[in-house]
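**Q** Before I ask anything, let me first share the structure, which is written out below as structure tokens.
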Amino acid sequence: MPYALTRGAAALVVVLLASVPARADHLYLSNEKDNTITVVDATSLAIVKTVAVGARPRGLLLSKDHKSLYICTSDADHIEELDLATLTVTRTLQSGPDPETFALSPDGKTLYVSNEDDNEVSVVDIAAGRIVDEIPTGVEPEGMAVSPDGKTIVNTSETTSMAHFIDAASHKMVASVLVGSRPRYAEFNKDGSLVWVSSEVGGTVSIIDTSQHKVVHTVNFAIPGVPSETIQAVGIALSEDGKWGFVALGPANRIAVVDAHSFAVEKYLLVGQRVWHMDFSFDGKTLYSANGVSNDMSVIDVAAMKVTKSVPVGHLPWGVVYGP
């Protein structure tokens, strides 16, 4: 038989629940020119702190336990780990030369790092903080992604204009797929059946079937009044519900909204200058973009498909991550 609370006990429960502080979420942006991370309160959108890090921070990743932020400090040639409770850099991890982007294994134990200068992907054991293997890849490796089941790694090579599929167990390359010129970023869909690859110079997104290792669709972009050469596809963010793909178009100062089933471009959102990378809030209702040349972050209401605010941050923001 269920127990009923007395009026007094119920009031006490309400008081106790009200006294529990709400979780304060934050945005973390890497500023290439400042060598800093800007920390922004996700509710008020006020800057909480600016954290000094190594030279030329770019790629950012949240740890699986949400306690740390991993930072590619490209010109320092290592990865830094930022403790999110104290907002201090607690250690550095090996990365290989010029780390720009990386991907985290689903178990949270391994980082796969693109090393542009030596045409390799470094495999980093996070607990040990060191490189445990190096995988040869195409010329100027850039984008990194890991399939949801953790079995496949994808690396894009800018000069080779290919997406390379690597077996995560053997670290052997199993296929290479030709995509548009200067591929920048790769992202798997939720079930791992497709991987989206953006091409900066090509100005397209290649949709690759991961079972066939074949491009099954190419998304093209055209914006009235905007020169085609400025439409440069870079960052990609896929919504958790599988409905939408958002593609940052660099100096076109737009984010393209793409139907993730038909691959039709539904809308272009005007954001800051040289939009680079993006991330969703935990609930998926808001999308944030780092805009390098305008030195700000755009806030997008996903349901309304509307930019609601611009937030000044550091100089040349490159990456943005939503976290606690």
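As shown in the structure tokens, the chain order sets the letters A, B, ...; within each chain, residues go from 1, and ligands are also counted from 1 in the order they appear.
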At a cut-off of 12 Å, using only C-alpha atoms, what residues contact Asp34 of chain A? Leave out same-chain residues fewer than 4 positions from it and give the result as a VMD selection string.

**A** chain A and resid 29 to 30 38 50 to 58 73 292 295 313 to 318

**Q** Need to verify the contact set: His217 of chain A, 9 Å, only C-alpha atoms, exclusion of same-chain residues closer than 4 positions in sequence. Can you return it as a list in words?

**A**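 The neighbour list is Val205, Ser206, Ile207, Ile208 and Phe263 of chain A.
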
**Q** Enumerate, as a ChimeraX atom specification, the complete set of residues in segment 116-157 of chain A that a backbone-based DSSP assignment places in strand (DSSP E or B).

**A** /A:120-125,130-136,141-146,152-157

**Q** Could you list, as a list of chain:residue names, every residue within 9 Å of Pro106 of chain A, counting only C-alpha atoms and ignoring same-chain residues fewer than 3 positions away?

**A**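 Contacts, with the query itself left out: A:Lys64, A:Lys109, A:Thr110, A:Val146, A:Ser147, A:Pro148, A:Asp149, A:Gly150.
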
**Q** Mind dumping the selected residues with N, CA, C and O atoms as a CSV table (one decimal), in the first residue's frame?

**A**
chain,number,residue,atom,x,y,z
A,64,LYS,N,34.0,11.9,-21.3
A,64,LYS,CA,32.8,11.1,-21.1
A,64,LYS,C,32.1,11.3,-19.8
A,64,LYS,O,30.9,11.3,-19.7
A,109,LYS,N,38.1,6.3,-23.4
A,109,LYS,CA,39.5,5.9,-23.0
A,109,LYS,C,40.6,6.4,-24.0
A,109,LYS,O,41.8,6.4,-23.7
A,110,THR,N,40.2,6.6,-25.3
A,110,THR,CA,41.2,6.9,-26.3
A,110,THR,C,40.8,8.1,-27.1
A,110,THR,O,39.7,8.3,-27.5
A,146,VAL,N,34.6,9.0,-34.9
A,146,VAL,CA,34.5,7.6,-34.5
A,146,VAL,C,33.1,7.1,-34.6
A,146,VAL,O,32.2,7.9,-34.2
A,147,SER,N,32.8,5.9,-35.2
A,147,SER,CA,31.5,5.4,-35.3
A,147,SER,C,30.9,5.2,-33.9
A,147,SER,O,31.6,5.0,-32.9
A,148,PRO,N,29.5,5.2,-33.8
A,148,PRO,CA,28.9,5.1,-32.5
A,148,PRO,C,29.2,3.7,-31.8
A,148,PRO,O,29.3,3.7,-30.6
A,149,ASP,N,29.5,2.7,-32.6
A,149,ASP,CA,29.9,1.4,-32.0
A,149,ASP,C,31.4,1.3,-31.7
A,149,ASP,O,31.9,0.3,-31.1
A,150,GLY,N,32.2,2.4,-32.1
A,150,GLY,CA,33.6,2.4,-31.8
A,150,GLY,C,34.5,1.6,-32.7
A,150,GLY,O,35.7,1.5,-32.4

**Q** Rounded to one decimal, what separation in Å do you get between atom CA of Trp196 of chain A and atom CA of Asp125 of chain A?

**A** 26.4 Å

**Q** Choose the residue, out of A:Tyr70, A:Ala163, A:Val177, A:Ile223, that has the smallest atom-to-atom separation from Ile126 of chain A; count only C-alpha atoms.

**A**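 Once distances to Ile126 of chain A are computed over only C-alpha atoms, the minimum belongs to A:Tyr70.
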
**Q** Please measure the separation of atom CA of Phe188 of chain A and atom CA of His213 of chain A, giving the value in Å to one decimal.

**A**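 About the pair atom CA of Phe188 of chain A and atom CA of His213 of chain A: they are 13.0 Å apart.
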
**Q** For segment 81-97 of chain A, find every residue with an atom within 9 Å (counting only C-alpha atoms), except residues of its own chain fewer than 4 positions away, and show them as a ChimeraX atom specification.

**A** /A:39,49,51-53,66-72,74-77,111-118,120-126,128-131,134,323-324

**Q** Expressed in Å to a single decimal, how great is the separation between atom CA of Val216 of chain A and atom CA of Thr204 of chain A?

**A**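 Result for atom CA of Val216 of chain A versus atom CA of Thr204 of chain A: 13.2 Å, one decimal.
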
**Q** Using only C-alpha atoms, which of the listed residues (A:Ser289, A:Ala233, A:Gly138, A:Leu194) sits closest to His261 of chain A?

**A** A:Leu194

**Q** Skipping near chain neighbours, those fewer than 3 positions away, what residues fall within 7 Å of Val321 of chain A using only C-alpha atoms, listed as a ChimeraX atom specification?

**A** /A:27-29,60-61,279

**Q** Tell me which protein, DNA and RNA residues are within 6 Å of segment 244-250 of chain A, counting only C-alpha atoms, leaving out same-chain ones fewer than 2 positions away, and put them as a PDB file with N, CA, C and O atoms, in the first residue's frame.

**A**
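Writing the result to out-v2.pdb gives the following:
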ATOM      1  N   ILE A 231      31.480  30.275 -50.072  1.00  0.00           N
ATOM      2  CA  ILE A 231      30.667  29.232 -49.444  1.00  0.00           C
ATOM      3  C   ILE A 231      31.567  28.026 -49.194  1.00  0.00           C
ATOM      4  O   ILE A 231      31.830  27.211 -50.095  1.00  0.00           O
ATOM      5  N   GLN A 232      32.098  27.953 -47.995  1.00  0.00           N
ATOM      6  CA  GLN A 232      33.109  26.959 -47.646  1.00  0.00           C
ATOM      7  C   GLN A 232      32.604  26.104 -46.477  1.00  0.00           C
ATOM      8  O   GLN A 232      32.545  26.566 -45.346  1.00  0.00           O
ATOM      9  N   ALA A 233      32.236  24.874 -46.780  1.00  0.00           N
ATOM     10  CA  ALA A 233      31.671  23.991 -45.756  1.00  0.00           C
ATOM     11  C   ALA A 233      32.760  23.523 -44.797  1.00  0.00           C
ATOM     12  O   ALA A 233      33.777  22.966 -45.221  1.00  0.00           O
ATOM     13  N   VAL A 234      32.517  23.730 -43.496  1.00  0.00           N
ATOM     14  CA  VAL A 234      33.507  23.318 -42.484  1.00  0.00           C
ATOM     15  C   VAL A 234      32.807  22.478 -41.404  1.00  0.00           C
ATOM     16  O   VAL A 234      32.636  21.278 -41.574  1.00  0.00           O
ATOM     17  N   GLY A 235      32.394  23.072 -40.299  1.00  0.00           N
ATOM     18  CA  GLY A 235      31.812  22.290 -39.208  1.00  0.00           C
ATOM     19  C   GLY A 235      30.452  21.708 -39.534  1.00  0.00           C
ATOM     20  O   GLY A 235      29.690  22.262 -40.333  1.00  0.00           O
ATOM     21  N   ILE A 236      30.146  20.569 -38.916  1.00  0.00           N
ATOM     22  CA  ILE A 236      28.861  19.888 -39.077  1.00  0.00           C
ATOM     23  C   ILE A 236      28.329  19.532 -37.687  1.00  0.00           C
ATOM     24  O   ILE A 236      29.084  19.079 -36.826  1.00  0.00           O
ATOM     25  N   ALA A 237      27.024  19.709 -37.494  1.00  0.00           N
ATOM     26  CA  ALA A 237      26.367  19.272 -36.252  1.00  0.00           C
ATOM     27  C   ALA A 237      25.066  18.586 -36.635  1.00  0.00           C
ATOM     28  O   ALA A 237      24.221  19.188 -37.311  1.00  0.00           O
ATOM     29  N   LEU A 238      24.897  17.323 -36.229  1.00  0.00           N
ATOM     30  CA  LEU A 238      23.695  16.562 -36.529  1.00  0.00           C
ATOM     31  C   LEU A 238      22.816  16.493 -35.293  1.00  0.00           C
ATOM     32  O   LEU A 238      23.290  16.165 -34.203  1.00  0.00           O
ATOM     33  N   SER A 239      21.536  16.807 -35.466  1.00  0.00           N
ATOM     34  CA  SER A 239      20.628  16.819 -34.321  1.00  0.00           C
ATOM     35  C   SER A 239      20.414  15.409 -33.786  1.00  0.00           C
ATOM     36  O   SER A 239      20.450  14.428 -34.531  1.00  0.00           O
ATOM     37  N   GLY A 242      17.852  13.065 -35.284  1.00  0.00           N
ATOM     38  CA  GLY A 242      18.115  12.563 -36.624  1.00  0.00           C
ATOM     39  C   GLY A 242      17.436  13.318 -37.740  1.00  0.00           C
ATOM     40  O   GLY A 242      17.489  12.894 -38.899  1.00  0.00           O
ATOM     41  N   ALA A 252      31.014  32.574 -45.783  1.00  0.00           N
ATOM     42  CA  ALA A 252      29.668  32.925 -46.245  1.00  0.00           C
ATOM     43  C   ALA A 252      28.812  33.451 -45.094  1.00  0.00           C
ATOM     44  O   ALA A 252      27.708  33.969 -45.312  1.00  0.00           O
ATOM     45  N   ASN A 253      29.296  33.271 -43.870  1.00  0.00           N
ATOM     46  CA  ASN A 253      28.627  33.785 -42.665  1.00  0.00           C
ATOM     47  C   ASN A 253      27.227  33.212 -42.490  1.00  0.00           C
ATOM     48  O   ASN A 253      26.318  33.885 -42.001  1.00  0.00           O
ATOM     49  N   ARG A 254      27.061  31.983 -42.889  1.00  0.00           N
ATOM     50  CA  ARG A 254      25.773  31.298 -42.810  1.00  0.00           C
ATOM     51  C   ARG A 254      25.956  29.893 -42.243  1.00  0.00           C
ATOM     52  O   ARG A 254      27.015  29.276 -42.408  1.00  0.00           O
ATOM     53  N   ILE A 255      24.891  29.400 -41.631  1.00  0.00           N
ATOM     54  CA  ILE A 255      24.775  27.983 -41.302  1.00  0.00           C
ATOM     55  C   ILE A 255      23.638  27.431 -42.145  1.00  0.00           C
ATOM     56  O   ILE A 255      22.519  27.970 -42.123  1.00  0.00           O
ATOM     57  N   ALA A 256      23.918  26.389 -42.910  1.00  0.00           N
ATOM     58  CA  ALA A 256      22.890  25.753 -43.717  1.00  0.00           C
ATOM     59  C   ALA A 256      22.136  24.735 -42.876  1.00  0.00           C
ATOM     60  O   ALA A 256      22.748  23.967 -42.127  1.00  0.00           O
ATOM     61  N   VAL A 257      20.811  24.726 -43.011  1.00  0.00           N
ATOM     62  CA  VAL A 257      19.960  23.745 -42.339  1.00  0.00           C
ATOM     63  C   VAL A 257      19.574  22.701 -43.384  1.00  0.00           C
ATOM     64  O   VAL A 257      18.913  23.027 -44.369  1.00  0.00           O
ATOM     65  N   VAL A 258      20.007  21.450 -43.165  1.00  0.00           N
ATOM     66  CA  VAL A 258      19.827  20.389 -44.154  1.00  0.00           C
ATOM     67  C   VAL A 258      18.902  19.313 -43.596  1.00  0.00           C
ATOM     68  O   VAL A 258      19.099  18.851 -42.467  1.00  0.00           O
ATOM     69  N   ASP A 259      17.889  18.935 -44.377  1.00  0.00           N
ATOM     70  CA  ASP A 259      17.038  17.806 -44.008  1.00  0.00           C
ATOM     71  C   ASP A 259      17.893  16.539 -44.045  1.00  0.00           C
ATOM     72  O   ASP A 259      18.456  16.194 -45.083  1.00  0.00           O
ATOM     73  N   ALA A 260      18.004  15.855 -42.913  1.00  0.00           N
ATOM     74  CA  ALA A 260      18.916  14.713 -42.811  1.00  0.00           C
ATOM     75  C   ALA A 260      18.394  13.455 -43.498  1.00  0.00           C
ATOM     76  O   ALA A 260      19.103  12.443 -43.548  1.00  0.00           O
ATOM     77  N   ARG A 274      32.856  34.235 -40.630  1.00  0.00           N
ATOM     78  CA  ARG A 274      33.683  33.030 -40.687  1.00  0.00           C
ATOM     79  C   ARG A 274      33.263  32.038 -39.613  1.00  0.00           C
ATOM     80  O   ARG A 274      34.012  31.677 -38.711  1.00  0.00           O
ATOM     81  N   VAL A 275      32.023  31.593 -39.745  1.00  0.00           N
ATOM     82  CA  VAL A 275      31.503  30.593 -38.798  1.00  0.00           C
ATOM     83  C   VAL A 275      32.277  29.300 -38.999  1.00  0.00           C
ATOM     84  O   VAL A 275      32.473  28.839 -40.117  1.00  0.00           O
ATOM     85  N   TRP A 276      32.695  28.698 -37.877  1.00  0.00           N
ATOM     86  CA  TRP A 276      33.616  27.561 -37.966  1.00  0.00           C
ATOM     87  C   TRP A 276      32.994  26.278 -37.420  1.00  0.00           C
ATOM     88  O   TRP A 276      32.624  25.392 -38.158  1.00  0.00           O
TER      89      TRP A 276
END
